[in-house]
Amino acid sequence: MKERVTRASRPARWRSFAALALSLAVAAPAGAAEIQLPEYTRTTLKNGLIVFVMPTHRLPLVDFRLVAAAGSVRDPAGKEGVASLTAELLTQGAGKRDARQIAEQIAFIGGTLGASAAAEQLVVSCEVLKKDFATGLELFRDVIVSPTFPAEEFQRKKDESLGEIAAEKDDPDAVADRSLLPFLMGSSPLAHPPIGWQESVAKIERGDIVGFKNEYLTPDYAALAVVGDVEPKRVVAALEKAFADWQPSGKTRGDGYTPLARTAGRHLVVVSKPEVTQTQIRLACPAVPRNHPDFYAITVANTILGSGFTSRLVNEIRVAQGLTYSIGSSFDMYRLTGTFDVSTFTKNETIRKCIDETIKVMRNLKTTGPTDDELAKAKRYLTGQFPLSLQAPDALAARLLNIEFYGLDPKYVETFSSRINAVTMADVRRVLDQHFCVDDLRILVVSNPPVATKALKGLGPVGVQDIR
Amino acid sequence: MKPISFSAALLLLVPALAAAAPGVTPGVQTSAGTSSSLTSLLKVDRHVLPNGLVVLLHEDHTVPVVTLWQWFKVGSRNERPGITGISHYFEHMMFNGSKNVAPKEYDRILESNGGFSNAFTDRDMTGYYEDIASDRLDVLMRLDSDRMTELSLLPEQLKSEIEVVKEERRLRTDNDISGMLDEQLYAIAFNASPYRWPVVGWMGDLNRINRDEMKEYFRTYYAPNNCILVLTGDFESAKALEEITKYFGPIPLQAPPVPPVDSEPDQHGERRVQVHYPAQNVTFQVGYKAPGVKSPDVYALDVLSSILADGESSRLHQALVYEKQIALSASTFFRTRLSPTLFEFNVEMKPGKAAAEGLQAMDQVIDRLIQEGPTARELEKARNLLEASFIKSLKTNNGVGQTLAFYEHVFGDYRAMFLTLDKYKAVTAKDCKRVAKAYFDPQRRTVVELVPEQQPAAAR
C-alpha cells in the first residue's frame, strides 16, 4: 500500500490489494431493474467436471478458474497446511515444465497463473490475453492435472510457509484472525488457518502433498469456468480434450466437518503481544451456513449493524466517539456452518470502552430494531452496490463457481435485488434476535497482557496465551 | 463490502492505462499502432470552466453506472513542518459536514441512493471518488459542489476525527513494520524535499493542527482551480457538462497556491538507519534517488522495475527467493511523481537470515544488470507484462477515471497516457543499462534495516 492513506471503514487488510472493479457486462440501476448475467453454458464433461463458459467480448482477455472441494478443512489432523502447500506447489513443476519455465512462460505472455487454498475451496486461476488462449489453457491444465511436485521445490515452499507463518506473528491483525479460529471453533477441521501452524507444517512430507492431490483434486469434486473473449462451443471442445486424462475419484465424500455449536456465556482471551500501542479486537460466535434461508435478511441486518460508512457501529464507534479507524461486522459462511464477527482495533487506553460501546450498539439494535429509514437505506445500498461486484471477467467466473459450490439458486444474481427488497422489518428483527450474539460471545484481543487483563476485568473468564 | 484499500498496484504496475470504447470495438489491438489507436478508442472531452475547474468526460454506456473522481492537486508535499498530515486529515473532514449538508449526512444521503465513496491521500494529490447508478448523478453534483463551496470544519467533528486519524497512524505505521521502515526511509533519504515527512503526518503534528490552519488550507487548496473533475460511465456529455457547470460553476476562483519548494541537495554517500523492534524476521528497504516526471528516464525505470521484480521469473525473485533461498519476498516500488523521488527495494528475509546477506545478493543482481543489461527476451517480457497490465486496467470505469486524473495532474495533460506504451516499446537494452547505472548508485542510496529485538517480557 505504501504511502497511500485511505478512508477504509472496515479493517484494512491492505497487503492484499482490493480490486476496484467497476463497469462492464451487467446492467441494473440502483435498486431498480433486475440484473441480467451475460449468457453462459453449463456442461458436464465425461469425467464429471462441471464446466461453465461465459463469453464477454469487451476486452481481449480470457479468465480460467477452477474450484475444487479440496480446502484446508481436508488437512490431515496434525498436518494442518497440506491443502495450502499442495496449492502452492501446483505451479512449481507440471507436465514437461519445471518451476522456472512455468513462471517465465506465463510472464512472457503477460499472463497470471496461481493457486491457493481457503477453508473449503482450492482455487486455480489463470488470466491471459485472448491471443494466448492456447498457452494459457495448456499451463492451466498442466498444473491441475499433472503437477510433478519436485522434491527440492517441496522443501523450498515448505520453508517459505514456515517463514511466512513466522512473519505473520509480527502483524497484529493477522495474529488476531489466526488466533480467533481455534478460540471460536475448538477442534473443528475449520479451526486453523489454511497456511497451518509452525509445528504442523514442520511435519508435512512430500508424500502428504502427493496423497492429498490424488485424493481430493479430482474432477468429480470440482467445477471450472472460462469467462472472456471466447466462443463457448470451441472452448468446451478444447476443455474436453485438455482434461480427458483427469480421472475422477469415483468415491463418495462428505464435507469433512460438522456444524459448529454455540457455547453459552462469554469467554475472553488475551493473545500476548507486549509491544503494541494499539489493540486488535474480535467479538465472535458461530452462525449460519451460506445457503441458509435467512441469508437475505441477515445481509440486510448486518449492513445496518456494521457494513458501509453509515452503519451503527461506524457511526458510533468511529464517527461519534473516535475510538477506531475501522470497525465492521461480517458473517463468514461455509457450506455447512458459519461464524459472525465484529472486528476493530483501538489504542490500548480505550480497550474496555471500545468493547463496552460496541456491545451496547449491538444490544441496542437487537432490542429496539432499526428505523424504517435505516432498513430502506440498507436495501438501496445493497442493491445499488451489487452490480459493481460482478463485472470483471474474473469476478464473473468466481460468481458462477460460488453459486455451484454452495448449491445456490442458479438465478441468484437475477433475483438478488428482489429478494433483498422483500426483506421485512419483522425479518430483520427476527434474525437480529437469532443470529447476532451479544451474550454468548467469544472476545479476543491482541495486546499487552497486564494492560488488557485489567481492562477486561468483569466481562467474563479471561485467559492469556502466547501467539501460536 | 470488502475493505477498500486503495490499489496502489493500479499506479505502480500500470503507469499507463486507458479505456476502450466498450461494446464498440471487437477488441483492443495490443501489438500495433498503440498511440493512435488508443486515442481513437478512448474519447475524452476536456473542458475548463471560467473558475478554473478542469472537467474530463468519458462516456461508456455498458452499465448504467457512473464514477465521479474529484482530484485535488494537493498532497503532503504541500505541507510544512508543524502541520504534516493535514492533507490526509482534511480528506477525512471532507465527509464531515459542509454548507448545506450536516455532519454524517454526506454518507447517509449517498448510501441511501445506493452509492459508495472512498478517498486517498498521497504525496502529490488527494483523490475522492463515488460510484453510483447513472440516474442518481445529480445526488453527487449536489453533495460534492456543496463541500467544495464551503466546508463546515466544526470543532466537535475536528476533535473526534483527529482521533480516528491517530488510530489510522497507529495501525499503519506505529504498529506495522513496513510502515515504520517506510517512514524512516523517506525521513532519512531526503534533507529538504517535502517528500521527507509521512503522508499520515507526525503524531506530534496531529496533536497540534488547529482549526484556523484547516480553514486556511481549504481556501488555498480546495479551490475549483486546483481540482480536476473526471466523470466516466453512462451519461450524456453535453447534459453532464451543463449540470457540472450549474453546480460547480458558481464556486469562486482563488489565487493559485504557491508551489512547494524542493531544495533537496545532492547525496554524497550511502545513509543507513536501523529500527529496533520485536520481530521474527529481518526486513530491509533500500531507496535510490530517482527522478520525477520531468525526466524521460521514468519509462526505463518502470521497465527495470518489471525486470527486477514482477513475478516469480523476475531477477530479484529468482536470485533471493528461488536460488539462494534467503528471502521470503523481494520487491520494488517506483511511481512517477511530480518531484524527484525514490526507487525502492523491499526485502523480507527468511527466519535467521541477516540483512547483510540479502543486501549483498541484491547488489549482485543490480551490478549484473548494469554490466550486462537485460536479455532481448527479458525486455520483451517486461513490455508484454506492462502491456497486459494496461489491458487489464481497462476492466473498470473507476480505474479509467483515476488514470485520466493522474496523467492530467502529474504529466500536465491526460493525453500523455496514450503515449506510454510507445515509450515502453522504445526502451532499449542500452537504455536499461544506462539508467540502471545512473540511478542505482550506492552513493545515492539509503538503507533502512529492521533489527529484531527480543519480545519484552510480559508480566502475567
# chains A, B, ... in the order shown; residues from 1 in each chain; ligands from 1

call {"tool": "select_by_dssp", "arguments": {"residues": "segment 253-400 of chain A", "states": "strand (DSSP E)", "output": "PyMOL selection string"}}
result
chain A and resi 267-272+278-287+327-333+338-347

call {"tool": "residues_around", "arguments": {"residues": "Arg399 of chain A", "least_positions_apart": "6", "cutoff": "10 Å", "atoms": "only C-alpha atoms", "output": "ChimeraX atom specification"}}
result
/A:225,389-390,393,405,412-413

call {"tool": "residues_around", "arguments": {"residues": "segment 278-290 of chain A", "least_positions_apart": "5", "cutoff": "9 Å", "atoms": "only C-alpha atoms", "output": "PyMOL selection string"}}
result
(chain A and resi 172-173+175-177+180+184-185+259-263+295+331-351+354-355+406+408+435-438+440-448+452) or (chain B and resi 167+170-171+174-175)

call {"tool": "closest_atom_pairs", "arguments": {"of": "segment 42-76 of chain B", "to": "segment 145-154 of chain B", "cutoff": "12 Å", "atoms": "only C-alpha atoms", "output": "Markdown table"}}
result
| residue | atom | partner | partner_atom | distance |
| --- | --- | --- | --- | --- |
| B:Leu53 | CA | B:Met148 | CA | 11.2 |
| B:Gln70 | CA | B:Met148 | CA | 10.1 |
| B:Trp71 | CA | B:Met148 | CA | 11.8 |
| B:Phe72 | CA | B:Met148 | CA | 10.6 |

call {"tool": "residues_around", "arguments": {"residues": "segment 269-282 of chain B", "least_positions_apart": "6", "cutoff": "8 Å", "atoms": "only C-alpha atoms", "output": "MDAnalysis selection string"}}
result
(chainID A and resid 166:167 169:170 275) or (chainID B and resid 180:181 184 188:189 348:355 442:456)

call {"tool": "decode", "arguments": {"residues": "segment 282-319 of chain B", "atoms": "C-alpha atoms", "output": "PDB file, in the first residue's frame"}}
result
ATOM      1  CA  VAL B 282      14.782  -9.200   9.351  1.00  0.00           C
ATOM      2  CA  THR B 283      13.401  -6.867   6.708  1.00  0.00           C
ATOM      3  CA  PHE B 284      15.089  -4.000   4.943  1.00  0.00           C
ATOM      4  CA  GLN B 285      14.285  -1.293   2.442  1.00  0.00           C
ATOM      5  CA  VAL B 286      16.651   0.460   0.075  1.00  0.00           C
ATOM      6  CA  GLY B 287      15.770   3.730  -1.620  1.00  0.00           C
ATOM      7  CA  TYR B 288      17.799   5.093  -4.543  1.00  0.00           C
ATOM      8  CA  LYS B 289      17.369   8.722  -5.550  1.00  0.00           C
ATOM      9  CA  ALA B 290      15.223   8.679  -8.694  1.00  0.00           C
ATOM     10  CA  PRO B 291      13.896  11.382 -10.988  1.00  0.00           C
ATOM     11  CA  GLY B 292      10.439  12.906 -11.097  1.00  0.00           C
ATOM     12  CA  VAL B 293       8.071  13.331 -14.017  1.00  0.00           C
ATOM     13  CA  LYS B 294      10.299  15.840 -15.815  1.00  0.00           C
ATOM     14  CA  SER B 295      12.819  13.118 -16.647  1.00  0.00           C
ATOM     15  CA  PRO B 296      12.313  10.924 -19.724  1.00  0.00           C
ATOM     16  CA  ASP B 297      14.015   8.136 -17.739  1.00  0.00           C
ATOM     17  CA  VAL B 298      10.866   7.305 -15.794  1.00  0.00           C
ATOM     18  CA  TYR B 299       9.804   4.872 -18.540  1.00  0.00           C
ATOM     19  CA  ALA B 300      13.072   2.938 -18.414  1.00  0.00           C
ATOM     20  CA  LEU B 301      12.745   2.811 -14.627  1.00  0.00           C
ATOM     21  CA  ASP B 302       9.290   1.222 -14.995  1.00  0.00           C
ATOM     22  CA  VAL B 303      10.776  -1.363 -17.354  1.00  0.00           C
ATOM     23  CA  LEU B 304      13.631  -2.014 -14.910  1.00  0.00           C
ATOM     24  CA  SER B 305      11.148  -2.414 -12.080  1.00  0.00           C
ATOM     25  CA  SER B 306       9.354  -5.085 -14.100  1.00  0.00           C
ATOM     26  CA  ILE B 307      12.579  -6.924 -14.985  1.00  0.00           C
ATOM     27  CA  LEU B 308      13.751  -6.827 -11.384  1.00  0.00           C
ATOM     28  CA  ALA B 309      10.632  -7.787  -9.514  1.00  0.00           C
ATOM     29  CA  ASP B 310       7.480  -8.533 -11.493  1.00  0.00           C
ATOM     30  CA  GLY B 311       6.590 -12.152 -10.769  1.00  0.00           C
ATOM     31  CA  GLU B 312       8.474 -15.315  -9.910  1.00  0.00           C
ATOM     32  CA  SER B 313      10.621 -15.202 -13.041  1.00  0.00           C
ATOM     33  CA  SER B 314      11.950 -11.726 -12.209  1.00  0.00           C
ATOM     34  CA  ARG B 315      15.647 -11.303 -11.404  1.00  0.00           C
ATOM     35  CA  LEU B 316      15.310 -10.471  -7.716  1.00  0.00           C
ATOM     36  CA  HIS B 317      12.861 -13.275  -7.016  1.00  0.00           C
ATOM     37  CA  GLN B 318      14.996 -15.764  -8.893  1.00  0.00           C
ATOM     38  CA  ALA B 319      18.156 -14.763  -7.038  1.00  0.00           C
TER      39      ALA B 319
END
